[in-house]
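File shown: my_file.csv (CSV, C-alpha atoms).
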```csv
chain,number,residue,atom,x,y,z
Q,44,MET,CA,10.7,-16.5,9.8
Q,45,ALA,CA,7.1,-17.2,10.8
Q,46,ILE,CA,4.7,-14.9,8.9
Q,47,GLY,CA,1.0,-14.7,9.4
Q,48,VAL,CA,-1.7,-13.3,7.2
Q,49,VAL,CA,-5.0,-11.7,8.3
Q,50,GLY,CA,-7.7,-11.8,5.7
Q,51,CYS,CA,-5.9,-14.9,4.3
Q,52,ALA,CA,-8.7,-16.3,2.1
Q,53,GLY,CA,-9.3,-13.2,-0.1
Q,54,ARG,CA,-7.6,-12.5,-3.4
Q,55,MET,CA,-4.6,-10.7,-1.9
Q,56,GLY,CA,-4.5,-13.0,1.1
Q,57,ARG,CA,-4.1,-16.1,-1.1
Q,58,THR,CA,-1.4,-14.4,-3.1
Q,59,LEU,CA,0.5,-13.5,0.1
Q,60,LEU,CA,0.3,-17.0,1.4
Q,61,ALA,CA,1.7,-18.4,-1.9
Q,62,ALA,CA,4.5,-15.8,-1.8
Q,63,ILE,CA,5.4,-16.8,1.8
Q,64,ALA,CA,5.3,-20.5,1.0
Q,65,THR,CA,7.8,-20.0,-1.9
Q,66,THR,CA,10.2,-17.6,-0.3
Q,67,PRO,CA,13.3,-19.2,1.2
Q,68,GLY,CA,13.6,-18.6,5.0
Q,69,CYS,CA,9.9,-18.0,5.4
Q,70,ARG,CA,7.1,-20.2,6.7
Q,71,ILE,CA,3.4,-19.6,7.1
Q,72,ALA,CA,2.6,-19.1,10.8
Q,73,GLY,CA,-1.2,-19.0,10.3
Q,74,GLY,CA,-4.0,-17.0,8.8
Q,75,THR,CA,-7.4,-15.6,9.9
Q,76,GLU,CA,-10.7,-14.7,8.4
Q,77,ARG,CA,-13.8,-12.9,9.8
Q,78,PRO,CA,-15.8,-15.0,12.3
Q,79,GLY,CA,-18.5,-16.9,10.5
Q,80,SER,CA,-16.6,-17.1,7.2
Q,81,ASP,CA,-16.9,-20.4,5.3
Q,82,GLU,CA,-13.1,-20.7,5.2
Q,83,ILE,CA,-12.7,-21.1,8.9
Q,84,GLY,CA,-11.2,-24.5,9.7
Q,85,GLN,CA,-10.0,-25.2,6.2
Q,86,ASP,CA,-6.3,-26.0,5.7
Q,87,LEU,CA,-4.2,-23.0,4.7
Q,88,GLY,CA,-2.3,-25.0,2.1
Q,89,ARG,CA,-5.5,-24.9,0.0
Q,90,PHE,CA,-5.3,-21.1,-0.2
Q,91,ALA,CA,-1.5,-21.0,-0.6
Q,92,GLY,CA,-1.7,-23.4,-3.6
Q,93,VAL,CA,0.5,-26.0,-1.9
Q,94,ASP,CA,0.1,-29.3,-0.1
Q,95,PRO,CA,-1.8,-29.4,3.2
Q,96,LEU,CA,0.1,-27.6,6.0
Q,97,GLY,CA,-1.8,-28.9,8.9
Q,98,ILE,CA,-2.7,-25.3,9.9
Q,99,ALA,CA,-6.4,-24.3,9.8
Q,100,VAL,CA,-7.8,-20.9,9.0
Q,101,GLY,CA,-8.7,-19.3,12.3
Q,102,ASP,CA,-10.9,-16.4,13.4
Q,103,ASP,CA,-8.9,-15.0,16.3
Q,104,PRO,CA,-6.2,-12.5,15.3
Q,105,ALA,CA,-4.8,-12.5,18.8
Q,106,VAL,CA,-3.8,-16.2,18.5
Q,107,LEU,CA,-2.2,-15.5,15.1
Q,108,PHE,CA,-0.2,-12.5,16.5
Q,109,ALA,CA,1.1,-14.8,19.3
Q,110,ALA,CA,2.3,-17.4,16.9
Q,111,ALA,CA,3.9,-15.1,14.3
Q,112,ASP,CA,7.2,-13.1,14.1
Q,113,VAL,CA,5.5,-10.8,11.6
Q,114,VAL,CA,1.9,-10.4,10.4
Q,115,ILE,CA,0.9,-9.0,7.0
Q,116,ASP,CA,-2.4,-7.0,6.8
Q,117,PHE,CA,-4.1,-6.1,3.5
Q,118,THR,CA,-7.6,-5.8,4.9
Q,119,ARG,CA,-9.8,-2.8,5.6
Q,120,PRO,CA,-9.1,0.3,7.8
Q,121,ALA,CA,-11.3,-0.7,10.8
Q,122,ALA,CA,-9.6,-4.1,10.9
Q,123,THR,CA,-6.2,-2.7,10.4
Q,124,THR,CA,-6.4,-0.3,13.3
Q,125,ALA,CA,-7.5,-3.2,15.6
Q,126,HIS,CA,-4.6,-5.3,14.3
Q,127,ALA,CA,-2.1,-2.4,15.0
Q,128,ARG,CA,-3.2,-2.4,18.6
Q,129,LEU,CA,-2.9,-6.2,18.8
Q,130,ALA,CA,0.6,-5.9,17.3
Q,131,ALA,CA,1.6,-3.4,19.9
Q,132,GLY,CA,0.2,-5.6,22.7
Q,133,SER,CA,1.9,-8.7,21.5
Q,134,SER,CA,5.3,-7.2,20.3
Q,135,THR,CA,4.7,-8.7,16.9
Q,136,ALA,CA,6.0,-6.7,13.9
Q,137,LEU,CA,3.3,-5.7,11.4
Q,138,VAL,CA,3.3,-5.0,7.6
Q,139,ILE,CA,0.4,-3.0,6.4
Q,140,GLY,CA,-0.8,-2.7,2.8
Q,141,THR,CA,-4.3,-1.6,3.5
Q,142,THR,CA,-5.6,1.5,1.6
Q,143,GLY,CA,-8.2,4.0,2.4
Q,144,LEU,CA,-7.0,4.8,5.9
Q,145,SER,CA,-8.0,8.2,7.3
Q,146,ALA,CA,-5.8,10.6,9.2
Q,147,GLU,CA,-7.3,9.3,12.4
Q,148,ASP,CA,-6.5,5.7,11.4
Q,149,GLU,CA,-2.9,6.6,10.6
Q,150,ALA,CA,-2.6,8.2,14.0
Q,151,VAL,CA,-3.6,4.9,15.5
Q,152,LEU,CA,-0.8,3.2,13.6
Q,153,ALA,CA,1.7,5.9,14.7
Q,154,ASP,CA,0.7,5.4,18.3
Q,155,ALA,CA,1.1,1.6,18.1
Q,156,ALA,CA,4.4,1.9,16.3
Q,157,ARG,CA,5.9,3.4,19.5
Q,158,SER,CA,5.9,-0.1,20.8
Q,159,VAL,CA,6.5,-2.3,17.8
Q,160,PRO,CA,8.1,-2.0,14.3
Q,161,MET,CA,5.7,-1.5,11.4
Q,162,VAL,CA,6.0,-1.1,7.7
Q,163,TYR,CA,3.0,0.9,6.2
Q,164,ALA,CA,2.8,1.6,2.5
Q,165,PRO,CA,-0.1,2.2,0.2
Q,166,ASN,CA,1.7,0.1,-2.4
Q,167,MET,CA,4.2,-2.6,-1.7
Q,168,SER,CA,5.5,-2.8,-5.2
Q,169,LEU,CA,9.2,-2.2,-5.5
Q,170,GLY,CA,8.6,-0.5,-8.9
Q,171,VAL,CA,6.0,1.9,-7.4
Q,172,THR,CA,8.3,2.7,-4.5
Q,173,LEU,CA,11.0,3.8,-7.1
Q,174,LEU,CA,8.4,5.7,-9.0
Q,175,MET,CA,7.5,7.7,-5.9
Q,176,HIS,CA,11.1,8.5,-5.5
Q,177,LEU,CA,11.4,9.7,-9.1
Q,178,VAL,CA,8.2,11.8,-8.8
Q,179,GLU,CA,9.6,13.5,-5.7
Q,180,GLN,CA,12.8,14.3,-7.5
Q,181,ALA,CA,11.0,15.6,-10.7
Q,182,ALA,CA,8.6,17.8,-8.6
Q,183,ALA,CA,11.6,19.3,-6.8
Q,184,ARG,CA,13.3,20.2,-10.1
Q,185,LEU,CA,10.3,21.3,-12.2
Q,186,ASP,CA,8.7,24.6,-11.0
Q,187,PRO,CA,4.9,25.1,-10.7
Q,188,ASP,CA,4.7,26.1,-14.4
Q,189,TYR,CA,4.6,22.3,-14.8
Q,190,ASP,CA,1.1,21.2,-13.9
Q,191,ILE,CA,1.0,17.8,-12.0
Q,192,GLU,CA,-1.8,15.4,-12.8
Q,193,ILE,CA,-2.1,11.8,-11.4
Q,194,VAL,CA,-4.3,9.3,-13.2
Q,195,GLU,CA,-5.0,5.8,-11.7
Q,196,MET,CA,-7.2,2.9,-12.8
Q,197,HIS,CA,-8.2,-0.2,-10.8
Q,198,HIS,CA,-10.6,-3.1,-11.1
Q,199,ARG,CA,-14.4,-2.6,-10.6
Q,200,HIS,CA,-14.3,-4.0,-7.0
Q,201,LYS,CA,-12.0,-1.4,-5.5
Q,202,ILE,CA,-13.9,0.6,-2.9
Q,203,ASP,CA,-11.7,3.6,-2.2
Q,204,ALA,CA,-10.7,6.5,-4.6
Q,205,PRO,CA,-8.3,7.9,-5.3
Q,206,SER,CA,-6.2,4.9,-4.7
Q,207,GLY,CA,-3.7,4.8,-1.8
Q,208,THR,CA,-0.9,4.7,-4.4
Q,209,ALA,CA,-2.2,7.8,-6.2
Q,210,LEU,CA,-2.3,9.6,-2.8
Q,211,GLY,CA,1.2,8.3,-2.1
Q,212,LEU,CA,2.4,9.7,-5.5
Q,213,ALA,CA,0.7,13.0,-4.7
Q,214,ARG,CA,2.4,13.2,-1.3
Q,215,ALA,CA,5.7,12.5,-3.1
Q,216,ALA,CA,5.1,15.3,-5.5
Q,217,ALA,CA,4.1,17.6,-2.6
Q,218,ARG,CA,7.3,16.8,-0.7
Q,219,GLY,CA,9.3,17.6,-3.8
Q,220,ARG,CA,7.5,21.0,-4.1
Q,221,GLU,CA,7.8,21.5,-0.3
Q,222,VAL,CA,4.1,22.1,0.1
Q,223,SER,CA,1.2,20.5,2.0
Q,224,LEU,CA,-0.8,18.2,-0.1
Q,225,ASP,CA,-4.0,19.3,1.7
Q,226,ASP,CA,-3.4,22.8,0.4
Q,227,VAL,CA,-2.9,21.9,-3.3
Q,228,ALA,CA,-4.8,18.7,-3.9
Q,229,ASP,CA,-7.6,18.7,-6.6
Q,230,ARG,CA,-9.3,15.3,-6.3
Q,231,GLY,CA,-12.0,15.8,-9.0
Q,232,ARG,CA,-13.5,18.2,-11.5
Q,233,ASP,CA,-17.0,18.5,-12.7
Q,234,GLY,CA,-19.0,21.3,-14.3
Q,235,LEU,CA,-17.7,24.9,-14.6
Q,236,THR,CA,-14.6,24.6,-12.5
Q,237,GLY,CA,-12.7,27.6,-13.9
Q,238,PRO,CA,-9.1,27.6,-15.0
Q,239,ARG,CA,-6.7,25.2,-13.4
Q,240,LYS,CA,-5.0,26.6,-10.3
Q,241,ARG,CA,-1.2,27.1,-10.6
Q,242,GLY,CA,0.6,24.6,-8.3
Q,243,ALA,CA,-2.4,22.3,-7.9
Q,244,ILE,CA,-1.8,18.5,-7.8
Q,245,GLY,CA,-4.7,16.9,-9.6
Q,246,MET,CA,-5.9,13.3,-9.2
Q,247,ALA,CA,-8.4,11.3,-11.3
Q,248,ALA,CA,-9.7,7.8,-10.6
Q,249,LEU,CA,-10.9,5.3,-13.2
Q,250,ARG,CA,-12.6,1.9,-12.3
Q,251,GLY,CA,-13.4,-1.0,-14.6
Q,252,GLY,CA,-12.7,-4.6,-15.5
Q,253,ASP,CA,-10.0,-6.5,-13.7
Q,254,VAL,CA,-7.2,-3.9,-13.8
Q,255,VAL,CA,-4.7,-4.7,-11.0
Q,256,GLY,CA,-3.3,-1.2,-10.9
Q,257,ASP,CA,-2.2,1.5,-13.4
Q,258,HIS,CA,-0.7,4.8,-12.3
Q,259,GLN,CA,0.5,7.7,-14.4
Q,260,VAL,CA,2.0,11.0,-13.2
Q,261,ILE,CA,2.0,13.8,-15.7
Q,262,PHE,CA,4.1,17.0,-15.6
Q,263,ALA,CA,2.7,19.2,-18.2
Q,264,THR,CA,3.8,22.7,-19.3
Q,265,ASP,CA,3.6,24.8,-22.5
Q,266,GLY,CA,5.4,22.9,-25.2
Q,267,GLU,CA,6.2,19.6,-23.4
Q,268,ARG,CA,5.0,16.9,-21.1
Q,269,LEU,CA,6.9,14.5,-18.9
Q,270,GLU,CA,5.1,11.2,-18.0
Q,271,LEU,CA,6.2,8.7,-15.3
Q,272,GLY,CA,4.1,5.6,-14.9
Q,273,HIS,CA,3.7,2.1,-13.6
Q,274,ARG,CA,1.4,-0.8,-14.5
Q,275,ALA,CA,0.9,-3.9,-12.3
Q,276,SER,CA,-0.3,-7.0,-14.1
Q,277,SER,CA,-0.4,-9.3,-11.1
Q,278,ARG,CA,-0.9,-9.0,-7.3
Q,279,GLU,CA,2.2,-11.1,-7.0
Q,280,THR,CA,4.3,-7.9,-7.2
Q,281,PHE,CA,2.6,-6.5,-4.1
Q,282,ALA,CA,3.0,-9.8,-2.3
Q,283,ARG,CA,6.7,-10.0,-3.0
Q,284,GLY,CA,7.2,-6.5,-1.7
Q,285,ALA,CA,5.2,-7.3,1.4
Q,286,VAL,CA,7.3,-10.4,2.1
Q,287,LYS,CA,10.5,-8.5,1.5
Q,288,SER,CA,9.2,-5.9,4.0
Q,289,ALA,CA,8.4,-8.6,6.6
Q,290,LEU,CA,11.9,-10.0,6.3
Q,291,TRP,CA,13.3,-6.4,6.7
Q,292,VAL,CA,11.2,-5.2,9.6
Q,293,ALA,CA,11.6,-8.2,11.9
Q,294,GLY,CA,14.0,-7.2,14.7
Q,295,ARG,CA,13.9,-3.5,14.0
Q,296,ALA,CA,13.5,-0.8,16.6
Q,297,PRO,CA,9.8,0.3,17.1
Q,298,GLY,CA,8.7,2.8,14.6
Q,299,LEU,CA,6.5,3.4,11.6
Q,300,TYR,CA,8.5,2.6,8.4
Q,301,ASP,CA,7.6,2.6,4.7
Q,302,MET,CA,9.0,1.1,1.5
Q,303,ARG,CA,11.6,3.8,1.1
Q,304,ASP,CA,13.1,2.5,4.3
Q,305,VAL,CA,12.9,-1.1,3.0
Q,306,LEU,CA,14.7,-0.1,-0.2
Q,307,ASN,CA,17.1,2.3,1.5
Q,308,LEU,CA,15.8,5.3,-0.6
Q,309,ARG,CA,15.8,7.8,2.3
```

Mind converting the file's structure to structure tokens?
Amino acid sequence: MAIGVVGCAGRMGRTLLAAIATTPGCRIAGGTERPGSDEIGQDLGRFAGVDPLGIAVGDDPAVLFAAADVVIDFTRPAATTAHARLAAGSSTALVIGTTGLSAEDEAVLADAARSVPMVYAPNMSLGVTLLMHLVEQAAARLDPDYDIEIVEMHHRHKIDAPSGTALGLARAAARGREVSLDDVADRGRDGLTGPRKRGAIGMAALRGGDVVGDHQVIFATDGERLELGHRASSRETFARGAVKSALWVAGRAPGLYDMRDVLNLR
């Protein structure tokens, strides 16, 4: 399968290229960077950590979408929405790991997914996907006397907070409780906030160092506390999940899928 990567020279892009190059049945179709980037024209093998491939980094995503069976996108919201439209226009499947998308951005993905299959997940880790499944089950079985708090930590360069994964965990908890996250989310506390609201789902974001991604979901009540968590020590775990998603989504009917579909956790 020919898999392309947009944003191929960044930290995640390089990890994705390496994962594609070492996965049986996959080959690198190409990669792109922003126009004017120093990496334009360089051989993709350099970024994949393999021998030269004879494929240069490009700056036109339309060319990449035409050459690939599936494209993987871990870029930024504005670029991702543009890539979703390109995917729909070229009938190329798309795997999206971009975080920080707004409701309006997600609506663009949903519209494009009427024409082409897409996998969109805030975290491509197989372990995190299972964690979300467990959180939903726990929230369904523990009544609102159990306060739900989500704590996440990432490296100092991350630009969005709370993380997409934390929001995904919060949505899983809200599904379990059969409530709207917008109605119960508490994204930060400062000053005289008053007592905690019963049924709230709290989120706290920490930033520092080179932390790849730590997430903890706490169910706390009088006398006991249940903690479910996940720690990522390498971006390779996200890359492996993204490549697995690419292999899964190719040839599917148009639609907006997520990692629960990939792992058959529906």

(message) Give me the residues near Q:Thr141 as an NGL selection string, where near means some atom within 8 Å (using only C-alpha atoms) and where sequence neighbours in that chain fewer than 4 positions away do not count.
(response) :Q and (116-120 or 123 or 164-165)

(request) Excluding stretch 294-306 of chain Q and residues on its chain fewer than 2 positions from it, collect all residues at most 6 Å away from it, counting only C-alpha atoms, and give them as JSON, numbers by chain. (result) {"Q": [156, 157, 158, 159, 160, 161, 162, 163, 164, 292, 308, 309]}

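Interatomic distance, atom CA of Q:Ile244 to atom CA of Q:Leu224: 7.8 Å.
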
Give me the residues of stretch 87-122 of chain Q that have any atom at most 10 Å from an atom of stretch 48-61 of chain Q; for each, the nearest atom pair and the distance in Å, rounded to one decimal. Use all atoms listed in the file, sort by chain and number, and format it as a Markdown table.
```
| residue | atom | partner | partner_atom | distance |
| --- | --- | --- | --- | --- |
| Q:Leu87 | CA | Q:Leu60 | CA | 8.2 |
| Q:Gly88 | CA | Q:Leu60 | CA | 8.4 |
| Q:Arg89 | CA | Q:Arg57 | CA | 9.0 |
| Q:Phe90 | CA | Q:Arg57 | CA | 5.2 |
| Q:Ala91 | CA | Q:Ala61 | CA | 4.3 |
| Q:Gly92 | CA | Q:Ala61 | CA | 6.3 |
| Q:Val93 | CA | Q:Ala61 | CA | 7.7 |
| Q:Val100 | CA | Q:Cys51 | CA | 7.9 |
| Q:Gly101 | CA | Q:Val49 | CA | 9.4 |
| Q:Asp102 | CA | Q:Val49 | CA | 9.1 |
| Q:Asp103 | CA | Q:Val49 | CA | 9.5 |
| Q:Pro104 | CA | Q:Val49 | CA | 7.1 |
| Q:Leu107 | CA | Q:Val48 | CA | 8.2 |
| Q:Phe108 | CA | Q:Val48 | CA | 9.5 |
| Q:Ala111 | CA | Q:Val48 | CA | 9.2 |
| Q:Val113 | CA | Q:Val48 | CA | 8.8 |
| Q:Val114 | CA | Q:Val48 | CA | 5.6 |
| Q:Ile115 | CA | Q:Val48 | CA | 5.0 |
| Q:Asp116 | CA | Q:Val49 | CA | 5.6 |
| Q:Phe117 | CA | Q:Gly50 | CA | 7.1 |
| Q:Thr118 | CA | Q:Gly50 | CA | 6.1 |
| Q:Arg119 | CA | Q:Gly50 | CA | 9.2 |
| Q:Ala122 | CA | Q:Val49 | CA | 9.3 |
```

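Closest approach to Q:Tyr189 from the set Q:Asp265, Q:Asp94, Q:Asp86, Q:Asp148 is made by Q:Asp265, with distances taken over only C-alpha atoms.
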
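For Q:Met167, the list of residues within 6 Å, based on only C-alpha atoms and with local chain neighbours fewer than 5 positions off taken out, reads Phe281, Gly284 and Ala285 of chain Q.
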
(request) Can you work out the spacing between atom CA of Q:Trp291 and atom CA of Q:Val254 in Å, to one decimal? (result)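 Taking atom CA of Q:Trp291 and atom CA of Q:Val254, their separation equals 29.1 Å.
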